[in-house]
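As stored in entry.txt (compact mmCIF, C-alpha atoms):
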```txt
# COMPACT_ATOMS: atom_id res chain seq x y z
CA MET T 1 139.24 87.13 147.17
CA ALA T 2 137.34 84.59 145.07
CA ARG T 3 133.99 85.60 143.67
CA SER T 4 130.96 83.83 145.11
CA ARG T 5 129.42 81.30 142.78
CA TYR T 6 126.06 83.01 143.37
CA LEU T 7 127.28 86.23 141.77
CA PRO T 8 127.05 86.68 137.97
CA ASP T 9 130.21 86.26 135.92
CA ASN T 10 131.95 89.12 134.13
CA PHE T 11 130.36 88.36 130.76
CA THR T 12 126.83 88.37 132.19
CA LEU T 13 127.58 91.67 133.92
CA ALA T 14 128.87 93.02 130.61
CA LEU T 15 125.58 92.01 128.94
CA VAL T 16 123.50 93.74 131.63
CA THR T 17 125.65 96.84 131.32
CA THR T 18 125.27 96.80 127.53
CA VAL T 19 121.47 96.59 127.76
CA ALA T 20 121.39 99.44 130.29
CA LEU T 21 123.68 101.54 128.09
CA ALA T 22 121.52 100.92 125.02
CA SER T 23 118.41 101.91 127.01
CA LEU T 24 119.94 105.14 128.32
CA LEU T 25 122.16 106.05 125.35
CA PRO T 26 120.84 104.23 122.27
CA ALA T 27 122.87 104.57 119.11
CA SER T 28 121.04 106.59 116.48
CA GLY T 29 121.73 108.24 113.15
CA GLY T 30 125.35 108.08 112.09
CA THR T 31 126.38 106.42 115.35
CA ALA T 32 123.90 103.61 114.76
CA HIS T 33 125.22 103.08 111.23
CA PHE T 34 128.76 102.95 112.62
CA PHE T 35 127.85 100.27 115.17
CA GLU T 36 125.95 98.30 112.54
CA ARG T 37 129.02 98.28 110.30
CA LEU T 38 131.25 97.45 113.26
CA THR T 39 128.98 94.55 114.20
CA THR T 40 129.07 93.26 110.62
CA VAL T 41 132.89 93.39 110.63
CA ALA T 42 133.08 91.63 114.02
CA ILE T 43 130.73 88.88 112.87
CA GLY T 44 132.69 88.47 109.64
CA LEU T 45 135.92 88.21 111.66
CA LEU T 46 134.27 85.65 113.93
CA PHE T 47 133.41 83.42 110.99
CA PHE T 48 136.81 83.98 109.39
CA LEU T 49 138.56 82.78 112.56
CA HIS T 50 136.23 79.80 112.88
CA GLY T 51 137.00 78.86 109.30
CA ALA T 52 140.74 79.08 110.00
CA LYS T 53 140.38 77.06 113.19
CA LEU T 54 138.27 74.15 111.97
CA SER T 55 139.88 71.23 110.18
CA ARG T 56 138.47 69.77 106.98
CA GLU T 57 137.57 66.60 108.85
CA ALA T 58 135.62 68.59 111.44
CA ILE T 59 133.62 70.41 108.76
CA VAL T 60 132.75 67.17 106.97
CA GLN T 61 131.71 65.72 110.29
CA GLY T 62 129.50 68.75 110.96
CA VAL T 63 127.81 68.61 107.55
CA GLY T 64 127.21 64.87 107.87
CA HIS T 65 125.60 65.09 111.30
CA TRP T 66 122.12 64.77 109.78
CA ARG T 67 120.36 63.51 112.94
CA LEU T 68 121.40 66.65 114.81
CA HIS T 69 120.36 68.94 111.95
CA LEU T 70 116.94 67.30 111.65
CA LEU T 71 116.33 67.68 115.37
CA VAL T 72 117.32 71.37 115.36
CA LEU T 73 115.07 72.11 112.37
CA ALA T 74 112.19 70.19 113.96
CA CYS T 75 112.54 72.24 117.15
CA THR T 76 112.66 75.48 115.15
CA PHE T 77 109.82 74.94 112.68
CA VAL T 78 107.61 72.30 114.39
CA LEU T 79 108.06 72.45 118.17
CA PHE T 80 107.92 76.24 118.48
CA PRO T 81 104.78 76.74 116.31
CA ALA T 82 103.08 73.86 118.12
CA LEU T 83 103.87 75.48 121.48
CA GLY T 84 102.57 78.85 120.32
CA LEU T 85 99.24 77.35 119.25
CA ALA T 86 98.87 74.98 122.22
CA LEU T 87 99.59 77.65 124.82
CA ARG T 88 97.44 80.33 123.20
CA PRO T 89 94.31 79.79 125.37
CA VAL T 90 96.46 80.08 128.51
CA LEU T 91 98.90 82.83 127.54
CA GLU T 92 96.89 85.14 125.27
CA PRO T 93 94.86 86.61 128.19
CA LEU T 94 98.15 87.92 129.63
CA VAL T 95 98.65 90.14 126.58
CA THR T 96 96.56 91.70 123.81
CA PRO T 97 95.50 89.67 120.75
CA ALA T 98 97.74 91.85 118.59
CA LEU T 99 100.74 91.11 120.77
CA TYR T 100 100.01 87.38 120.71
CA THR T 101 99.99 87.56 116.92
CA GLY T 102 103.57 88.75 117.36
CA VAL T 103 104.25 85.80 119.66
CA LEU T 104 102.97 83.37 116.99
CA TYR T 105 105.13 85.16 114.43
CA LEU T 106 108.11 84.69 116.73
CA CYS T 107 107.38 80.96 116.89
CA VAL T 108 107.67 80.50 113.11
CA LEU T 109 110.94 82.40 112.66
CA PRO T 110 114.23 80.64 111.82
CA ALA T 111 117.03 80.29 114.34
CA THR T 112 119.54 83.05 114.82
CA VAL T 113 123.00 82.40 113.38
CA GLN T 114 125.64 84.60 114.97
CA SER T 115 124.82 84.30 118.66
CA ALA T 116 123.88 80.60 118.42
CA ILE T 117 127.32 79.81 117.02
CA ALA T 118 129.10 82.16 119.39
CA PHE T 119 127.38 80.65 122.43
CA THR T 120 128.09 77.13 121.15
CA SER T 121 131.75 78.06 120.89
CA LEU T 122 131.80 79.61 124.38
CA ALA T 123 130.16 76.47 125.79
CA ARG T 124 132.64 74.20 123.97
CA GLY T 125 129.98 72.61 121.81
CA ASN T 126 130.07 71.17 118.30
CA VAL T 127 130.82 74.36 116.36
CA PRO T 128 130.91 72.78 112.84
CA ALA T 129 127.44 71.31 113.38
CA ALA T 130 126.21 74.62 114.82
CA ILE T 131 127.39 76.52 111.74
CA CYS T 132 125.61 74.07 109.45
CA SER T 133 122.40 73.89 111.49
CA ALA T 134 122.02 77.61 112.14
CA SER T 135 122.83 78.57 108.56
CA ALA T 136 120.44 75.93 107.16
CA SER T 137 117.70 77.16 109.50
CA THR T 138 118.11 80.74 108.30
CA LEU T 139 118.19 79.76 104.63
CA LEU T 140 115.11 77.53 104.97
CA GLY T 141 113.36 80.20 107.01
CA VAL T 142 113.32 82.55 104.05
CA PHE T 143 110.84 80.14 102.44
CA VAL T 144 109.30 78.23 105.37
CA THR T 145 108.47 81.21 107.62
CA PRO T 146 106.15 82.96 105.12
CA LEU T 147 104.31 79.66 104.57
CA LEU T 148 103.85 79.13 108.31
CA VAL T 149 102.70 82.74 108.73
CA GLY T 150 99.95 82.11 106.20
CA LEU T 151 98.98 78.84 107.88
CA ILE T 152 98.92 79.68 111.60
CA VAL T 153 99.53 83.38 112.17
CA THR T 154 97.22 85.23 109.81
CA THR T 155 95.28 84.40 106.69
CA GLY T 156 96.18 86.10 103.46
CA ALA T 157 99.82 86.73 104.37
CA GLY T 158 102.18 87.05 101.48
CA SER T 159 104.32 84.03 100.67
CA SER T 160 107.12 85.79 98.80
CA ALA T 161 110.51 86.46 100.38
CA SER T 162 113.45 88.32 98.93
CA LEU T 163 116.45 86.37 97.73
CA ASP T 164 118.55 89.24 99.08
CA ALA T 165 118.40 87.55 102.50
CA ILE T 166 120.15 84.47 101.11
CA GLY T 167 122.72 86.64 99.40
CA ARG T 168 123.47 88.52 102.63
CA ILE T 169 123.90 85.28 104.55
CA LEU T 170 126.28 83.87 101.97
CA LEU T 171 128.24 87.12 101.74
CA GLN T 172 128.44 88.10 105.41
CA LEU T 173 128.75 84.70 107.06
CA MET T 174 129.75 81.88 104.78
CA ALA T 175 132.19 83.83 102.59
CA PRO T 176 134.46 84.83 105.53
CA PHE T 177 134.26 81.27 106.84
CA VAL T 178 135.32 79.82 103.48
CA VAL T 179 138.15 82.35 103.10
CA GLY T 180 139.40 81.61 106.59
CA HIS T 181 139.30 77.89 105.94
CA LEU T 182 141.16 78.25 102.64
CA LEU T 183 143.86 80.23 104.48
CA ARG T 184 144.06 77.66 107.27
CA PRO T 185 147.32 76.06 106.04
CA TRP T 186 149.04 79.43 106.57
CA ILE T 187 147.23 80.93 109.61
CA GLY T 188 145.69 77.91 111.34
CA ALA T 189 148.63 77.39 113.71
CA TRP T 190 148.60 81.07 114.73
CA VAL T 191 144.86 80.96 115.42
CA LYS T 192 145.30 77.86 117.55
CA ARG T 193 148.08 79.48 119.59
CA HIS T 194 145.95 82.58 120.15
CA ALA T 195 142.70 80.88 121.16
CA SER T 196 141.93 83.73 123.54
CA THR T 197 141.56 85.99 120.49
CA LEU T 198 138.70 83.84 119.22
CA THR T 199 137.00 83.99 122.63
CA LEU T 200 137.33 87.78 122.63
CA VAL T 201 135.74 88.00 119.19
CA ASP T 202 132.94 85.63 120.28
CA ARG T 203 132.04 87.74 123.29
CA GLY T 204 132.63 91.07 121.55
CA SER T 205 130.34 90.16 118.68
CA ILE T 206 127.55 89.19 121.10
CA LEU T 207 127.87 92.49 122.99
CA LEU T 208 127.78 94.44 119.72
CA VAL T 209 124.68 92.55 118.56
CA VAL T 210 122.97 93.27 121.90
CA TYR T 211 123.80 96.97 121.81
CA THR T 212 122.81 97.58 118.18
CA ALA T 213 119.61 95.52 118.40
CA PHE T 214 118.49 97.00 121.72
CA SER T 215 119.36 100.51 120.56
CA ALA T 216 117.15 100.09 117.51
CA ALA T 217 114.32 98.77 119.70
CA VAL T 218 114.57 101.73 122.07
CA ILE T 219 114.67 104.23 119.18
CA GLU T 220 111.51 102.64 117.76
CA GLY T 221 109.72 103.30 121.06
CA LEU T 222 110.16 99.97 122.78
CA TRP T 223 109.02 101.30 126.16
CA LYS T 224 106.08 103.33 124.76
CA GLN T 225 104.25 100.88 122.49
CA VAL T 226 102.40 98.94 125.17
CA SER T 227 101.13 99.52 128.70
CA PRO T 228 103.24 98.35 131.65
CA THR T 229 100.69 95.60 132.38
CA ALA T 230 100.75 94.26 128.82
CA LEU T 231 104.54 94.48 128.75
CA ALA T 232 104.79 92.49 131.99
CA GLY T 233 102.40 89.90 130.59
CA LEU T 234 104.42 89.68 127.40
CA LEU T 235 107.61 89.10 129.36
CA VAL T 236 105.90 86.24 131.21
CA VAL T 237 104.70 84.70 127.93
CA LEU T 238 108.16 84.90 126.37
CA ALA T 239 109.82 83.52 129.50
CA VAL T 240 107.47 80.53 129.44
CA LEU T 241 108.22 79.87 125.77
CA LEU T 242 111.97 80.13 126.29
CA ALA T 243 111.91 77.91 129.38
CA ILE T 244 109.92 75.21 127.58
CA ALA T 245 112.17 75.47 124.50
CA LEU T 246 115.39 75.15 126.52
CA THR T 247 113.98 72.28 128.59
CA SER T 248 112.63 70.47 125.52
CA THR T 249 115.79 70.77 123.45
CA THR T 250 117.90 69.55 126.37
CA TRP T 251 115.57 66.61 127.01
CA LEU T 252 115.36 65.66 123.33
CA ALA T 253 119.15 65.80 122.92
CA ARG T 254 119.59 63.41 125.83
CA LYS T 255 116.61 61.23 124.83
CA PHE T 256 118.14 60.59 121.39
CA GLY T 257 121.56 59.82 122.86
CA PHE T 258 123.60 62.84 121.70
CA ASP T 259 126.84 63.55 123.54
CA LYS T 260 127.37 66.73 125.57
CA ALA T 261 128.98 68.70 122.72
CA ASP T 262 126.04 67.91 120.42
CA GLU T 263 123.60 68.70 123.24
CA VAL T 264 125.13 72.17 123.50
CA THR T 265 124.61 72.70 119.77
CA ILE T 266 121.02 71.46 119.83
CA VAL T 267 120.12 73.65 122.82
CA PHE T 268 121.63 76.85 121.44
CA CYS T 269 120.51 76.36 117.83
CA GLY T 270 117.11 74.82 118.52
CA SER T 271 115.89 77.30 121.14
CA LYS T 272 116.77 80.59 119.43
CA LYS T 273 114.82 82.89 117.13
CA SER T 274 116.32 85.42 114.74
CA LEU T 275 115.74 89.14 115.15
CA ALA T 276 117.83 89.83 112.04
CA SER T 277 115.49 87.73 109.89
CA GLY T 278 112.30 88.51 111.77
CA VAL T 279 112.20 92.29 111.41
CA PRO T 280 112.69 92.55 107.62
CA MET T 281 110.32 89.62 107.02
CA ALA T 282 107.65 91.34 109.12
CA HIS T 283 107.78 94.39 106.87
CA VAL T 284 107.04 92.12 103.89
CA LEU T 285 104.43 89.88 105.47
CA PHE T 286 102.33 92.33 107.52
CA ALA T 287 100.63 95.69 107.04
CA ALA T 288 102.73 98.68 108.09
CA SER T 289 100.33 99.51 110.93
CA ALA T 290 100.77 96.04 112.46
CA VAL T 291 104.54 95.71 112.19
CA GLY T 292 105.29 97.47 115.50
CA THR T 293 103.30 95.08 117.71
CA VAL T 294 104.36 92.07 115.63
CA VAL T 295 108.09 92.64 116.05
CA LEU T 296 107.97 93.73 119.71
CA PRO T 297 107.85 90.11 121.01
CA VAL T 298 110.72 89.27 118.66
CA MET T 299 112.84 92.12 120.00
CA LEU T 300 112.17 91.24 123.64
CA PHE T 301 112.68 87.51 123.09
CA HIS T 302 115.97 88.26 121.35
CA GLN T 303 117.28 90.10 124.41
CA MET T 304 115.91 87.46 126.79
CA GLN T 305 117.50 84.55 124.94
CA LEU T 306 120.87 86.31 124.85
CA MET T 307 120.82 86.96 128.58
CA VAL T 308 119.67 83.47 129.57
CA CYS T 309 121.92 81.65 127.09
CA ALA T 310 124.94 83.65 128.26
CA VAL T 311 124.48 82.21 131.74
CA LEU T 312 123.77 78.74 130.34
CA ALA T 313 126.86 78.84 128.12
CA GLN T 314 129.02 79.69 131.14
CA ARG T 315 127.62 76.68 132.99
CA TYR T 316 128.29 74.36 130.05
CA ALA T 317 131.82 75.78 129.70
CA ARG T 318 132.67 74.79 133.28
CA ARG T 319 132.20 71.08 132.58
CA PRO T 320 135.31 68.84 132.56
CA VAL T 321 137.64 69.38 129.62
CA ASP T 322 137.46 65.78 128.48
CA GLU T 323 133.80 66.33 127.58
CA ALA T 324 134.71 69.02 125.05
CA PRO T 325 134.48 68.22 121.30
CA VAL T 326 138.04 67.46 120.21
CA ALA T 327 137.08 67.81 116.54
CA VAL T 328 136.59 71.56 116.87
CA ALA T 329 140.30 72.31 117.13
CA LYS T 330 141.69 69.22 115.48
CA PRO T 331 144.74 69.92 113.30
CA ALA T 332 144.54 69.04 109.64
```
In structure tokens, what does this structure look like?
Amino acid sequence: MARSRYLPDNFTLALVTTVALASLLPASGGTAHFFERLTTVAIGLLFFLHGAKLSREAIVQGVGHWRLHLLVLACTFVLFPALGLALRPVLEPLVTPALYTGVLYLCVLPATVQSAIAFTSLARGNVPAAICSASASTLLGVFVTPLLVGLIVTTGAGSSASLDAIGRILLQLMAPFVVGHLLRPWIGAWVKRHASTLTLVDRGSILLVVYTAFSAAVIEGLWKQVSPTALAGLLVVLAVLLAIALTSTTWLARKFGFDKADEVTIVFCGSKKSLASGVPMAHVLFAASAVGTVVLPVMLFHQMQLMVCAVLAQRYARRPVDEAPVAVAKPA
């Protein structure tokens, strides 16, 4: 019997189950370290396989897609901060001032890398451009985010950021991608024949990120830091931001004449915010007593964007095959 189109797909159900599992049985101690290492390996494998899959021509095309990259960066570092400031008089009464400081901090963060690329791949978008845009956003965020924090979030915030973040990005993401691409002449055909393996790694890496991130949030007292009323208000604020971001990135992609594959990339890279970058930066930029409320909106938004974008990616993936980006799997 065919499943009703009104019922969630298997991947969305897997995400809901993962969130519930992390809430009831969060990974802690040695188990948490194990899942963190497993997630790192899965993400490294994801980038390795993408490097082996993508042709040299596709990568050059992705790097040279400057209009797309500029639009993604503008959405990340201009549109989001502008929305946070413009909506403050309307949305701040729904939460506490301290929580809205966290919302503003969320607005100045760089885009996430792993899930943006994984969702772009699931939705048959322009993966080479997604890799370039998301990675550039994270690298620039190391320097741009502290400056924006000092300008619009709080006065007197520190402007220094550790170069370790850049080193981790290069080591954990770009190095496996480069190695996979260098090995493409030998393993590229095998990767193409086993495309389902890449899909499995895409979805598995997302589920691992959800579980490890949500587990950490629960261990840190996610459900005890704020009152139920403030938490409900915060969820409304974040939902409004995400809805406007998704609508705006979709509209801008179509307004500037991008094709469907590029639209997918712009939506998933331009509407996301990075938990992985946001939490360590918060410890540098804010007093220890304020970090908890500052990162709470980031943690909740991270889970919300994963859930919503999982459904959106499935909808994009169901479009006709001839709208898919042929350059993604083009042989060398």
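You can rank T:Arg124, T:Leu148, T:Val201, T:Asn10 by their closest distance to Val41 (chain T) using only C-alpha atoms, and at the top of that list sits T:Val201.
Atom pair CA of Thr293 (chain T) / CA of Gly102 (chain T): separated by 6.3 Å.
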Query raised in the report: So which residues fall inside 9 Å of (130.2, 87.3, 123.2) if we count all atoms listed in the file? Mind giving them as a list in words?
Result: Phe11, Leu15, Ser115, Ala118, Phe119, Leu122, Thr199, Leu200, Val201, Asp202, Arg203, Gly204, Ser205, Ile206, Leu207, Leu208, Val209 and Ala310 of chain T
Could you make a table, as a tab-separated table, of the residues of region 56-163 of chain T that have an atom within 12 Å of an atom of region 172-194 of chain T, each with its nearest atom pair and distance in Å to one decimal, counting only C-alpha atoms, in chain and number order?
```
residue	atom	partner	partner_atom	distance
T:Arg56	CA	T:His181	CA	8.2
T:Glu57	CA	T:His181	CA	11.8
T:Ala58	CA	T:His181	CA	11.4
T:Ile59	CA	T:His181	CA	9.8
T:Val113	CA	T:Leu173	CA	8.8
T:Gln114	CA	T:Leu173	CA	8.5
T:Ile117	CA	T:Leu173	CA	11.2
T:Pro128	CA	T:Phe177	CA	10.9
T:Ile131	CA	T:Met174	CA	9.1
T:Cys132	CA	T:Met174	CA	10.0
T:Ala134	CA	T:Leu173	CA	11.0
T:Ser135	CA	T:Met174	CA	8.6
T:Ala136	CA	T:Met174	CA	11.3
T:Thr138	CA	T:Leu173	CA	11.4
T:Leu139	CA	T:Met174	CA	11.8
```
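The two atoms in question, CA of Pro93 (chain T) and CA of Phe80 (chain T), are spaced 19.3 Å apart.
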Which residues, written as a short mmCIF file (atom, residue, chain, number, x, y, z; two decimals) with C-alpha atoms, in the coordinates of the input, have at least one atom at most 9 Å from region 65-78 of chain T, with all atoms listed in the file counted and residues fewer than 4 positions away on the same chain left out?
```cif
data_model
loop_
_atom_site.label_atom_id
_atom_site.label_comp_id
_atom_site.auth_asym_id
_atom_site.auth_seq_id
_atom_site.Cartn_x
_atom_site.Cartn_y
_atom_site.Cartn_z
CA VAL T 60 132.75 67.17 106.97
CA GLN T 61 131.71 65.72 110.29
CA ALA T 82 103.08 73.86 118.12
CA LEU T 83 103.87 75.48 121.48
CA CYS T 107 107.38 80.96 116.89
CA VAL T 108 107.67 80.50 113.11
CA LEU T 109 110.94 82.40 112.66
CA PRO T 110 114.23 80.64 111.82
CA ALA T 111 117.03 80.29 114.34
CA ALA T 129 127.44 71.31 113.38
CA ALA T 130 126.21 74.62 114.82
CA CYS T 132 125.61 74.07 109.45
CA SER T 133 122.40 73.89 111.49
CA ALA T 134 122.02 77.61 112.14
CA ALA T 136 120.44 75.93 107.16
CA SER T 137 117.70 77.16 109.50
CA GLY T 141 113.36 80.20 107.01
CA VAL T 144 109.30 78.23 105.37
CA THR T 145 108.47 81.21 107.62
CA LEU T 148 103.85 79.13 108.31
CA ALA T 245 112.17 75.47 124.50
CA SER T 248 112.63 70.47 125.52
CA THR T 249 115.79 70.77 123.45
CA LEU T 252 115.36 65.66 123.33
CA ALA T 253 119.15 65.80 122.92
CA PHE T 258 123.60 62.84 121.70
CA ASP T 262 126.04 67.91 120.42
CA GLU T 263 123.60 68.70 123.24
CA THR T 265 124.61 72.70 119.77
CA ILE T 266 121.02 71.46 119.83
CA VAL T 267 120.12 73.65 122.82
CA CYS T 269 120.51 76.36 117.83
CA GLY T 270 117.11 74.82 118.52
CA SER T 271 115.89 77.30 121.14
CA LYS T 272 116.77 80.59 119.43
CA LYS T 273 114.82 82.89 117.13
#
```
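Comparing the minimum interatomic distances between Thr17 (chain T) and each of T:Arg254, T:Val210, T:Arg318, T:Leu312, counting only C-alpha atoms, we find that T:Val210 sits nearest.
Taking only C-alpha atoms into account, Ala282 (chain T) lies nearest to T:Thr101 out of the set T:Thr212, T:Thr101, T:Ser121, T:Asn126.
Coordinates place CA of Phe268 (chain T) at a distance of 24.0 Å from CA of Ala216 (chain T).
Nearest residue to Leu231 (chain T) among T:Leu49, T:Leu296, T:Ala27, T:Val19 is T:Leu296, counting all atoms listed in the file.
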Requested in this report: Considering all atoms listed in the file, return as a list in words whatever protein or nucleic-acid residues lie within 9 Å of Ala276 (chain T), sequence-local ones (same chain, fewer than 2 positions apart) excluded.
Outcome: Thr112, Ala213, Ser274, Gly278, Val279 and Pro280 of chain T
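For the choices T:Leu147, T:Leu85, T:Ala98, T:Ile244, the atom-to-atom distance to Val294 (chain T) is smallest for T:Ala98 when using all atoms listed in the file.
With distances restricted to only C-alpha atoms, T:Leu242 is the closest residue to Leu306 (chain T) from T:Leu242, T:Val237, T:Leu104, T:Ala20.
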Mind working out the centre and edge lengths of an axis-aligned box for region 274-287 of chain T, all listed atoms inside, 4 Å added to each side, rounded to one decimal in Å and written as JSON?
```
{"center_x": 109.2, "center_y": 90.6, "center_z": 109.5, "size_x": 25.2, "size_y": 18.3, "size_z": 19.3}
```
